[in-house]
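Peer 1: Quick one: this structure, given as structure tokens, is what I'll be asking you about.
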Amino acid sequence: MIHLPSLKSYSYPKSESFAEILLSSFGAGITVYLFLIIFQPFGTESFHHPYKYLLLFPYTIIFGTVFFISNLYVSRLTDWNIGSELLKILTVLFLASILSYLYNSLIVSKVNLSFENYGYMLLYSLAVGIPISAIYVLSRYIYLKNIHENTAKNIASGLIENFENSQAKILTIQANNIEILISTESLLYIQSMENYCSLYFLENNEVKKKLLRISLSNILQQTETDVIKKCHRSYIVNLEKVKNIKGNAQGYKLILPEIDFMIPVSRNFISTIIPKLQQLKK
């Protein structure tokens, strides 16, 4: 039996830029307006009024505002995926359909409210909103993905040259009656696994591993410096050892040449890790 991957397993990039959220949200609203005046669906063509196009414009404000508020709320969340984005879009269309129905019934058509008439407005909103939302989701995905990729390329271009002159510092790590002295120049990264942490470091140009019974938060208190930072709920990384960085829809991944996998940067740590890498690049 073939199991299809859940939509929750695919991250969707979210924006923390107020300007981008504002422009993309009202861009979606304007697209709704253009759709209405160009194609004039659902009886719009037979609606005759000297201020017809002006009366249609509030739908731009309705859809744009609902998109804006939802995107502003999403920007405060830490985890977001395609499934969450699709649920957000359905919620946006549902709320926009209610506001559109109230505007149309009370101001434009001036008719009594009824569930039957709202049902038509909901169908109209879905018919217009789904294709526009598909374009909106795809375009934002590409745009935000490109931002991550370009930021990563910009940082990566100067990592190798600028980290060669770093000054080493001796770290003292105490865990379960064990004391370890390790140089920041040797430390690569630390990975947590339940109540244990694996310490990866260089010794005679070879990667060595030391398993300690200690929590990640505890070992972070003993090892954190200007360049040794927590970047994920399971990882602490020595930023001086990062020689490349990749950006994609999920965010960023750090590349250390001594290991054969990329260390992820969680979204809630991007605001700490990326500026620090940019600073070290200079």
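Lettering and numbering for the structure tokens are positional, with chains as A, B, ... in the shown order, residues counted from 1 in each chain, and ligands counted from 1 in the shown order.
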Within 7 Å of stretch 169-185 of chain A, counting only C-alpha atoms, which residues qualify if same-chain residues fewer than 2 places away don't, as a PyMOL selection string?

Peer 2: chain A and resi 167+187+212-214+222-223

Peer 1: Hey, what's within 12 Å of A:Glu16 if we count only C-alpha atoms and toss same-chain stuff fewer than 3 positions away? As a PyMOL selection string, please?

Peer 2: chain A and resi 13+19-22+71-78+144+147+267-268+270-271

Peer 1: Extract the full set of helix (DSSP H, G or I) residues from stretch 11-181 of chain A according to DSSP on the backbone, and format it as a ChimeraX atom specification.

Peer 2: /A:18-39,52-56,58-74,82-108,115-156,159-162

Peer 1: Could you write those residues out with C-alpha atoms, as an mmCIF file, in the first residue's frame?

Peer 2:
```
data_model
loop_
_atom_site.group_PDB
_atom_site.id
_atom_site.type_symbol
_atom_site.label_atom_id
_atom_site.label_comp_id
_atom_site.auth_asym_id
_atom_site.auth_seq_id
_atom_site.Cartn_x
_atom_site.Cartn_y
_atom_site.Cartn_z
ATOM 1 C CA PHE A 18 5.192 44.089 6.894
ATOM 2 C CA ALA A 19 5.620 45.696 3.465
ATOM 3 C CA GLU A 20 5.495 42.339 1.648
ATOM 4 C CA ILE A 21 2.427 41.250 3.617
ATOM 5 C CA LEU A 22 0.663 44.534 2.856
ATOM 6 C CA LEU A 23 1.476 44.505 -0.871
ATOM 7 C CA SER A 24 0.680 40.821 -1.438
ATOM 8 C CA SER A 25 -2.593 41.006 0.505
ATOM 9 C CA PHE A 26 -3.983 43.990 -1.320
ATOM 10 C CA GLY A 27 -2.553 42.652 -4.569
ATOM 11 C CA ALA A 28 -4.882 39.703 -4.051
ATOM 12 C CA GLY A 29 -7.752 42.100 -3.379
ATOM 13 C CA ILE A 30 -7.060 44.099 -6.550
ATOM 14 C CA THR A 31 -6.935 40.851 -8.530
ATOM 15 C CA VAL A 32 -10.459 40.061 -7.300
ATOM 16 C CA TYR A 33 -11.602 43.516 -8.452
ATOM 17 C CA LEU A 34 -10.010 43.112 -11.889
ATOM 18 C CA PHE A 35 -11.648 39.693 -12.231
ATOM 19 C CA LEU A 36 -15.064 41.220 -11.499
ATOM 20 C CA ILE A 37 -14.795 44.161 -13.896
ATOM 21 C CA ILE A 38 -13.171 42.194 -16.746
ATOM 22 C CA PHE A 39 -15.207 38.983 -16.728
ATOM 23 C CA LYS A 52 -21.047 50.298 -10.979
ATOM 24 C CA TYR A 53 -17.248 49.999 -10.890
ATOM 25 C CA LEU A 54 -17.050 52.137 -7.786
ATOM 26 C CA LEU A 55 -19.560 49.867 -6.038
ATOM 27 C CA LEU A 56 -17.464 46.823 -6.976
ATOM 28 C CA PRO A 58 -15.133 47.552 -1.820
ATOM 29 C CA TYR A 59 -14.702 43.849 -2.644
ATOM 30 C CA THR A 60 -11.017 44.721 -3.106
ATOM 31 C CA ILE A 61 -10.930 46.177 0.395
ATOM 32 C CA ILE A 62 -12.819 43.203 1.857
ATOM 33 C CA PHE A 63 -10.605 40.495 0.363
ATOM 34 C CA GLY A 64 -7.418 42.503 0.784
ATOM 35 C CA THR A 65 -8.112 43.259 4.453
ATOM 36 C CA VAL A 66 -8.949 39.648 5.326
ATOM 37 C CA PHE A 67 -5.791 38.442 3.564
ATOM 38 C CA PHE A 68 -3.741 41.108 5.359
ATOM 39 C CA ILE A 69 -5.033 40.279 8.847
ATOM 40 C CA SER A 70 -4.557 36.532 8.309
ATOM 41 C CA ASN A 71 -1.012 36.974 6.961
ATOM 42 C CA LEU A 72 -0.107 39.305 9.810
ATOM 43 C CA TYR A 73 -1.299 36.673 12.290
ATOM 44 C CA VAL A 74 0.602 33.887 10.493
ATOM 45 C CA ILE A 82 1.281 23.854 2.927
ATOM 46 C CA GLY A 83 -1.610 22.244 4.788
ATOM 47 C CA SER A 84 -1.778 25.233 7.146
ATOM 48 C CA GLU A 85 -1.623 27.645 4.209
ATOM 49 C CA LEU A 86 -4.508 25.927 2.409
ATOM 50 C CA LEU A 87 -6.589 25.973 5.602
ATOM 51 C CA LYS A 88 -5.800 29.677 5.957
ATOM 52 C CA ILE A 89 -6.958 30.328 2.393
ATOM 53 C CA LEU A 90 -10.276 28.535 2.988
ATOM 54 C CA THR A 91 -10.768 30.561 6.176
ATOM 55 C CA VAL A 92 -10.009 33.775 4.290
ATOM 56 C CA LEU A 93 -12.549 32.942 1.581
ATOM 57 C CA PHE A 94 -15.183 32.028 4.164
ATOM 58 C CA LEU A 95 -14.739 35.287 6.116
ATOM 59 C CA ALA A 96 -14.568 37.333 2.914
ATOM 60 C CA SER A 97 -17.799 35.716 1.693
ATOM 61 C CA ILE A 98 -19.610 36.786 4.885
ATOM 62 C CA LEU A 99 -18.397 40.388 4.629
ATOM 63 C CA SER A 100 -19.124 40.466 0.888
ATOM 64 C CA TYR A 101 -22.645 39.165 1.492
ATOM 65 C CA LEU A 102 -23.341 41.802 4.138
ATOM 66 C CA TYR A 103 -22.004 44.550 1.865
ATOM 67 C CA ASN A 104 -23.980 43.324 -1.137
ATOM 68 C CA SER A 105 -27.246 42.793 0.762
ATOM 69 C CA LEU A 106 -27.231 45.890 2.955
ATOM 70 C CA ILE A 107 -25.634 48.465 0.645
ATOM 71 C CA VAL A 108 -25.696 47.350 -3.006
ATOM 72 C CA PHE A 115 -29.072 31.839 4.524
ATOM 73 C CA GLU A 116 -30.085 30.896 0.992
ATOM 74 C CA ASN A 117 -28.719 34.107 -0.476
ATOM 75 C CA TYR A 118 -25.566 33.766 1.598
ATOM 76 C CA GLY A 119 -25.109 30.254 0.184
ATOM 77 C CA TYR A 120 -24.974 31.758 -3.291
ATOM 78 C CA MET A 121 -22.463 34.367 -2.157
ATOM 79 C CA LEU A 122 -20.290 31.644 -0.600
ATOM 80 C CA LEU A 123 -20.272 29.728 -3.895
ATOM 81 C CA TYR A 124 -19.475 32.921 -5.800
ATOM 82 C CA SER A 125 -16.621 33.706 -3.414
ATOM 83 C CA LEU A 126 -15.174 30.216 -3.779
ATOM 84 C CA ALA A 127 -15.518 30.305 -7.572
ATOM 85 C CA VAL A 128 -13.652 33.612 -7.771
ATOM 86 C CA GLY A 129 -11.345 33.112 -4.813
ATOM 87 C CA ILE A 130 -9.976 29.615 -5.428
ATOM 88 C CA PRO A 131 -8.213 30.324 -8.773
ATOM 89 C CA ILE A 132 -6.994 33.705 -7.521
ATOM 90 C CA SER A 133 -5.792 32.117 -4.269
ATOM 91 C CA ALA A 134 -3.938 29.422 -6.239
ATOM 92 C CA ILE A 135 -2.034 32.128 -8.114
ATOM 93 C CA TYR A 136 -1.481 34.004 -4.850
ATOM 94 C CA VAL A 137 -0.107 30.971 -2.973
ATOM 95 C CA LEU A 138 2.177 29.915 -5.824
ATOM 96 C CA SER A 139 3.549 33.404 -6.490
ATOM 97 C CA ARG A 140 4.269 34.042 -2.795
ATOM 98 C CA TYR A 141 5.898 30.637 -2.488
ATOM 99 C CA ILE A 142 8.268 31.401 -5.375
ATOM 100 C CA TYR A 143 8.961 34.937 -4.161
ATOM 101 C CA LEU A 144 9.729 33.990 -0.540
ATOM 102 C CA LYS A 145 11.722 30.928 -1.630
ATOM 103 C CA ASN A 146 13.886 33.152 -3.845
ATOM 104 C CA ILE A 147 14.475 35.534 -0.934
ATOM 105 C CA HIS A 148 15.847 32.662 1.174
ATOM 106 C CA GLU A 149 18.014 31.404 -1.680
ATOM 107 C CA ASN A 150 19.432 34.823 -2.514
ATOM 108 C CA THR A 151 20.153 35.602 1.134
ATOM 109 C CA ALA A 152 21.950 32.270 1.495
ATOM 110 C CA LYS A 153 24.064 32.883 -1.627
ATOM 111 C CA ASN A 154 24.982 36.359 -0.461
ATOM 112 C CA ILE A 155 26.133 35.092 2.933
ATOM 113 C CA ALA A 156 27.921 32.039 1.551
ATOM 114 C CA LEU A 159 32.071 32.720 4.738
ATOM 115 C CA ILE A 160 35.274 30.841 3.886
ATOM 116 C CA GLU A 161 37.525 33.901 3.660
ATOM 117 C CA ASN A 162 36.402 35.550 6.864
#
```

Peer 1: Quick one: of A:Ser109, A:Leu216, A:Leu202, A:Ile274, who's nearest to A:His48, counting only C-alpha atoms?

Peer 2: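 Nearest candidate to A:His48 out of A:Ser109, A:Leu216, A:Leu202, A:Ile274: A:Ser109.
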
Peer 1: Could you list, as a list in words, every residue within 9 Å of stretch 192-200 of chain A, counting only C-alpha atoms and ignoring same-chain residues fewer than 2 positions away?

Peer 2: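 The neighbour list is Ser186, Leu187, Leu188, Tyr189, Ile190, Leu202, Val207, Lys208, Lys209, Lys210, Leu211, Leu212, Arg213, Ile214, Ser215, Leu216, Ile219, Arg233, Ser234, Tyr235 and Ile236 of chain A.
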
Peer 1: Could you pull out all residues of stretch 73-229 of chain A with a DSSP call of strand (DSSP E or B) and give them as a compact mmCIF listing (two decimals) with all heavy atoms, in the first residue's frame?

Peer 2:
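And here's result.txt as it stands now:
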```
# COMPACT_ATOMS: atom_id res chain seq x y z
N ASN A 81 3.10 25.23 7.21
CA ASN A 81 3.28 24.28 6.13
C ASN A 81 2.18 24.48 5.09
O ASN A 81 1.30 25.33 5.25
CB ASN A 81 3.28 22.83 6.66
CG ASN A 81 2.06 22.54 7.53
OD1 ASN A 81 0.93 22.61 7.07
ND2 ASN A 81 2.30 22.22 8.81
N ILE A 170 38.76 28.32 24.97
CA ILE A 170 38.57 27.03 25.60
C ILE A 170 37.24 27.00 26.34
O ILE A 170 36.93 27.88 27.14
CB ILE A 170 39.72 26.72 26.59
CG1 ILE A 170 41.06 26.72 25.86
CG2 ILE A 170 39.48 25.36 27.25
CD1 ILE A 170 41.16 25.71 24.75
N LEU A 171 36.44 25.98 26.03
CA LEU A 171 35.15 25.78 26.68
C LEU A 171 35.26 24.66 27.70
O LEU A 171 35.92 23.64 27.45
CB LEU A 171 34.08 25.43 25.65
CG LEU A 171 33.83 26.45 24.53
CD1 LEU A 171 32.87 25.85 23.50
CD2 LEU A 171 33.28 27.76 25.08
N THR A 172 34.59 24.86 28.83
CA THR A 172 34.53 23.82 29.86
C THR A 172 33.11 23.30 29.94
O THR A 172 32.16 24.06 30.21
CB THR A 172 34.96 24.38 31.23
OG1 THR A 172 36.28 24.90 31.13
CG2 THR A 172 34.92 23.27 32.28
N ILE A 173 32.96 22.00 29.70
CA ILE A 173 31.64 21.37 29.71
C ILE A 173 31.58 20.35 30.83
O ILE A 173 32.41 19.41 30.87
CB ILE A 173 31.33 20.70 28.36
CG1 ILE A 173 31.42 21.73 27.23
CG2 ILE A 173 29.95 20.06 28.39
CD1 ILE A 173 31.27 21.12 25.85
N GLN A 174 30.63 20.51 31.73
CA GLN A 174 30.46 19.58 32.84
C GLN A 174 29.12 18.86 32.71
O GLN A 174 28.08 19.51 32.56
CB GLN A 174 30.53 20.31 34.18
CG GLN A 174 31.90 20.95 34.44
CD GLN A 174 31.94 21.69 35.76
OE1 GLN A 174 30.90 22.08 36.29
NE2 GLN A 174 33.14 21.87 36.31
N ALA A 175 29.20 17.54 32.75
CA ALA A 175 27.98 16.75 32.61
C ALA A 175 28.13 15.42 33.32
O ALA A 175 29.05 14.64 33.01
CB ALA A 175 27.69 16.50 31.13
N ILE A 178 31.44 14.53 34.71
CA ILE A 178 32.47 14.51 33.68
C ILE A 178 32.76 15.94 33.26
O ILE A 178 31.84 16.74 33.06
CB ILE A 178 32.03 13.70 32.44
CG1 ILE A 178 31.80 12.23 32.83
CG2 ILE A 178 33.08 13.77 31.33
CD1 ILE A 178 31.25 11.40 31.69
N GLU A 179 34.04 16.25 33.15
CA GLU A 179 34.44 17.58 32.72
C GLU A 179 35.26 17.47 31.44
O GLU A 179 36.22 16.69 31.36
CB GLU A 179 35.26 18.29 33.80
CG GLU A 179 35.64 19.72 33.43
CD GLU A 179 36.34 20.46 34.54
OE1 GLU A 179 35.63 20.96 35.44
OE2 GLU A 179 37.59 20.53 34.52
N ILE A 180 34.85 18.24 30.45
CA ILE A 180 35.51 18.21 29.14
C ILE A 180 35.98 19.61 28.79
O ILE A 180 35.23 20.58 28.93
CB ILE A 180 34.57 17.69 28.04
CG1 ILE A 180 34.13 16.27 28.36
CG2 ILE A 180 35.23 17.75 26.68
CD1 ILE A 180 33.10 15.73 27.38
N LEU A 181 37.23 19.70 28.35
CA LEU A 181 37.77 20.95 27.85
C LEU A 181 37.89 20.84 26.33
O LEU A 181 38.47 19.88 25.82
CB LEU A 181 39.15 21.24 28.46
CG LEU A 181 39.19 21.38 29.99
CD1 LEU A 181 40.62 21.63 30.44
CD2 LEU A 181 38.28 22.52 30.45
N ILE A 182 37.32 21.81 25.64
CA ILE A 182 37.35 21.76 24.19
C ILE A 182 37.51 23.17 23.63
O ILE A 182 36.95 24.13 24.17
CB ILE A 182 36.08 21.09 23.62
CG1 ILE A 182 36.18 20.91 22.11
CG2 ILE A 182 34.83 21.87 24.00
CD1 ILE A 182 35.09 20.05 21.52
N SER A 183 38.27 23.29 22.58
CA SER A 183 38.50 24.58 21.95
C SER A 183 37.35 24.92 21.00
O SER A 183 36.81 24.04 20.34
CB SER A 183 39.82 24.55 21.19
OG SER A 183 39.94 25.68 20.35
N LEU A 187 35.31 22.63 18.00
CA LEU A 187 33.90 22.27 18.08
C LEU A 187 33.19 22.50 16.75
O LEU A 187 33.30 23.56 16.14
CB LEU A 187 33.22 23.09 19.18
CG LEU A 187 31.72 22.82 19.38
CD1 LEU A 187 31.47 21.40 19.85
CD2 LEU A 187 31.13 23.82 20.38
N LEU A 188 32.45 21.50 16.30
CA LEU A 188 31.66 21.60 15.08
C LEU A 188 30.20 21.89 15.40
O LEU A 188 29.67 22.94 15.06
CB LEU A 188 31.78 20.31 14.26
CG LEU A 188 33.16 19.97 13.73
CD1 LEU A 188 33.15 18.60 13.06
CD2 LEU A 188 33.64 21.04 12.76
N TYR A 189 29.56 20.92 16.05
CA TYR A 189 28.15 21.11 16.42
C TYR A 189 27.78 20.14 17.52
O TYR A 189 28.53 19.21 17.84
CB TYR A 189 27.24 20.92 15.20
CG TYR A 189 27.13 19.49 14.71
CD1 TYR A 189 26.07 18.66 15.08
CD2 TYR A 189 28.10 18.95 13.87
CE1 TYR A 189 25.97 17.36 14.64
CE2 TYR A 189 28.01 17.65 13.40
CZ TYR A 189 26.95 16.87 13.79
OH TYR A 189 26.85 15.55 13.34
N ILE A 190 26.61 20.37 18.11
CA ILE A 190 26.09 19.51 19.17
C ILE A 190 24.67 19.13 18.78
O ILE A 190 23.87 19.97 18.36
CB ILE A 190 26.07 20.24 20.53
CG1 ILE A 190 27.50 20.70 20.90
CG2 ILE A 190 25.49 19.35 21.62
CD1 ILE A 190 27.55 21.64 22.09
N GLN A 191 24.36 17.84 18.91
CA GLN A 191 23.04 17.34 18.57
C GLN A 191 22.42 16.67 19.78
O GLN A 191 23.07 15.87 20.46
CB GLN A 191 23.12 16.35 17.42
CG GLN A 191 21.77 15.80 16.98
CD GLN A 191 21.88 14.80 15.84
OE1 GLN A 191 22.98 14.35 15.52
NE2 GLN A 191 20.77 14.47 15.22
N SER A 192 21.17 17.01 20.07
CA SER A 192 20.49 16.42 21.22
C SER A 192 19.62 15.25 20.80
O SER A 192 19.04 15.25 19.71
CB SER A 192 19.63 17.48 21.93
OG SER A 192 18.50 17.81 21.14
N MET A 193 19.53 14.27 21.66
CA MET A 193 18.67 13.10 21.47
C MET A 193 18.10 12.74 22.84
O MET A 193 18.80 12.11 23.65
CB MET A 193 19.46 11.93 20.88
CG MET A 193 20.00 12.19 19.48
SD MET A 193 21.18 10.94 18.92
CE MET A 193 22.58 11.35 19.98
N TYR A 196 20.25 13.03 26.09
CA TYR A 196 21.67 12.95 25.75
C TYR A 196 22.01 13.97 24.67
O TYR A 196 21.15 14.38 23.88
CB TYR A 196 22.03 11.55 25.25
CG TYR A 196 21.99 10.49 26.32
CD1 TYR A 196 20.79 9.84 26.63
CD2 TYR A 196 23.13 10.14 27.04
CE1 TYR A 196 20.74 8.86 27.62
CE2 TYR A 196 23.09 9.17 28.03
CZ TYR A 196 21.89 8.54 28.31
OH TYR A 196 21.85 7.58 29.29
N CYS A 197 23.27 14.35 24.66
CA CYS A 197 23.79 15.23 23.61
C CYS A 197 25.06 14.63 23.03
O CYS A 197 25.91 14.14 23.78
CB CYS A 197 24.09 16.62 24.16
SG CYS A 197 22.64 17.64 24.44
N SER A 198 25.16 14.66 21.72
CA SER A 198 26.36 14.20 21.05
C SER A 198 27.19 15.42 20.66
O SER A 198 26.70 16.32 19.96
CB SER A 198 26.01 13.39 19.80
OG SER A 198 25.35 12.20 20.15
N LEU A 199 28.42 15.42 21.11
CA LEU A 199 29.34 16.52 20.86
C LEU A 199 30.26 16.13 19.72
O LEU A 199 30.97 15.12 19.80
CB LEU A 199 30.14 16.79 22.13
CG LEU A 199 31.01 18.03 22.19
CD1 LEU A 199 30.16 19.28 22.27
CD2 LEU A 199 31.95 17.96 23.40
N TYR A 200 30.25 16.89 18.64
CA TYR A 200 31.10 16.59 17.48
C TYR A 200 32.19 17.64 17.38
O TYR A 200 31.91 18.85 17.37
CB TYR A 200 30.26 16.56 16.21
CG TYR A 200 29.27 15.43 16.16
CD1 TYR A 200 28.00 15.55 16.74
CD2 TYR A 200 29.59 14.22 15.53
CE1 TYR A 200 27.09 14.51 16.71
CE2 TYR A 200 28.68 13.17 15.50
CZ TYR A 200 27.43 13.33 16.09
OH TYR A 200 26.53 12.28 16.05
N PHE A 201 33.43 17.18 17.27
CA PHE A 201 34.57 18.10 17.24
C PHE A 201 35.71 17.48 16.42
O PHE A 201 35.68 16.30 16.06
CB PHE A 201 35.05 18.37 18.68
CG PHE A 201 35.42 17.14 19.45
CD1 PHE A 201 36.75 16.70 19.50
CD2 PHE A 201 34.46 16.40 20.12
CE1 PHE A 201 37.09 15.57 20.22
CE2 PHE A 201 34.79 15.26 20.83
CZ PHE A 201 36.12 14.83 20.88
N LEU A 202 36.68 18.32 16.12
CA LEU A 202 37.84 17.88 15.34
C LEU A 202 39.01 17.55 16.26
O LEU A 202 39.29 18.29 17.21
CB LEU A 202 38.27 18.97 14.36
CG LEU A 202 37.33 19.27 13.19
CD1 LEU A 202 37.85 20.44 12.38
CD2 LEU A 202 37.16 18.05 12.30
N GLU A 203 39.64 16.43 15.95
CA GLU A 203 40.84 16.03 16.67
C GLU A 203 41.81 15.41 15.67
O GLU A 203 41.48 14.38 15.06
CB GLU A 203 40.51 15.03 17.78
CG GLU A 203 41.69 14.70 18.68
CD GLU A 203 41.29 13.77 19.82
OE1 GLU A 203 40.69 14.27 20.80
OE2 GLU A 203 41.55 12.55 19.70
N GLU A 206 40.31 14.90 12.26
CA GLU A 206 39.27 13.88 12.15
C GLU A 206 38.08 14.24 13.04
O GLU A 206 38.28 14.78 14.14
CB GLU A 206 39.80 12.50 12.54
CG GLU A 206 40.84 11.93 11.58
CD GLU A 206 41.23 10.52 11.95
OE1 GLU A 206 40.66 9.97 12.92
OE2 GLU A 206 42.11 9.94 11.28
N VAL A 207 36.89 13.93 12.56
CA VAL A 207 35.69 14.23 13.34
C VAL A 207 35.52 13.18 14.43
O VAL A 207 35.48 11.97 14.16
CB VAL A 207 34.44 14.26 12.44
CG1 VAL A 207 33.19 14.52 13.28
CG2 VAL A 207 34.59 15.32 11.36
N LYS A 208 35.43 13.66 15.67
CA LYS A 208 35.23 12.78 16.81
C LYS A 208 33.87 13.06 17.44
O LYS A 208 33.33 14.17 17.30
CB LYS A 208 36.33 12.99 17.85
CG LYS A 208 37.73 12.73 17.33
CD LYS A 208 37.95 11.26 17.03
CE LYS A 208 39.40 11.00 16.62
NZ LYS A 208 39.64 9.56 16.35
N LYS A 209 33.35 12.07 18.14
CA LYS A 209 32.03 12.20 18.77
C LYS A 209 32.14 11.83 20.24
O LYS A 209 32.77 10.83 20.61
CB LYS A 209 31.02 11.29 18.07
CG LYS A 209 29.65 11.23 18.76
CD LYS A 209 28.73 10.23 18.04
CE LYS A 209 27.41 10.07 18.77
NZ LYS A 209 26.52 9.08 18.10
N LYS A 210 31.51 12.63 21.09
CA LYS A 210 31.46 12.36 22.52
C LYS A 210 30.02 12.43 22.98
O LYS A 210 29.33 13.45 22.78
CB LYS A 210 32.30 13.40 23.28
CG LYS A 210 32.38 13.16 24.77
CD LYS A 210 33.27 11.98 25.10
CE LYS A 210 33.46 11.85 26.62
NZ LYS A 210 34.31 10.69 26.97
N LEU A 211 29.51 11.34 23.57
CA LEU A 211 28.13 11.28 24.03
C LEU A 211 28.07 11.66 25.51
O LEU A 211 28.77 11.08 26.34
CB LEU A 211 27.56 9.88 23.83
CG LEU A 211 26.08 9.69 24.17
CD1 LEU A 211 25.20 10.54 23.26
CD2 LEU A 211 25.69 8.22 24.05
N LEU A 212 27.22 12.64 25.82
CA LEU A 212 27.09 13.11 27.20
C LEU A 212 25.64 13.04 27.64
O LEU A 212 24.72 13.29 26.85
CB LEU A 212 27.56 14.57 27.30
CG LEU A 212 29.01 14.87 26.89
CD1 LEU A 212 29.25 16.37 26.91
CD2 LEU A 212 30.00 14.15 27.80
N ARG A 213 25.44 12.70 28.91
CA ARG A 213 24.09 12.72 29.47
C ARG A 213 23.83 14.14 30.01
O ARG A 213 24.19 14.47 31.15
CB ARG A 213 23.95 11.69 30.59
CG ARG A 213 22.52 11.60 31.15
CD ARG A 213 22.39 10.50 32.19
NE ARG A 213 21.07 10.48 32.77
CZ ARG A 213 20.00 9.89 32.23
NH1 ARG A 213 20.12 9.27 31.07
NH2 ARG A 213 18.84 9.92 32.84
N ILE A 228 28.89 30.44 18.73
CA ILE A 228 28.30 29.13 19.00
C ILE A 228 26.86 29.37 19.46
O ILE A 228 26.63 29.89 20.56
CB ILE A 228 29.10 28.36 20.05
CG1 ILE A 228 30.50 28.09 19.55
CG2 ILE A 228 28.40 27.04 20.40
CD1 ILE A 228 31.41 27.40 20.55
N LYS A 229 25.91 29.00 18.60
CA LYS A 229 24.53 29.36 18.84
C LYS A 229 23.61 28.17 18.61
O LYS A 229 23.90 27.28 17.81
CB LYS A 229 24.10 30.49 17.90
CG LYS A 229 24.86 31.80 18.07
CD LYS A 229 24.52 32.48 19.38
CE LYS A 229 25.21 33.83 19.50
NZ LYS A 229 24.89 34.47 20.80
```

Peer 1: Taking into account only C-alpha atoms, which residue in the set A:Glu258, A:Asn112, A:Asn205, A:Lys276 is nearest to A:Asp226?

Peer 2: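 Residue with the minimum atom-to-atom distance to A:Asp226: A:Lys276.
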
Peer 1: Considering only C-alpha atoms, can you say which of A:Leu254, A:Asn244, A:Leu239, A:Pro264 comes closest to A:Leu280?

Peer 2: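 Looking only at the distances to A:Leu280, the closest residue turns out to be A:Leu239.
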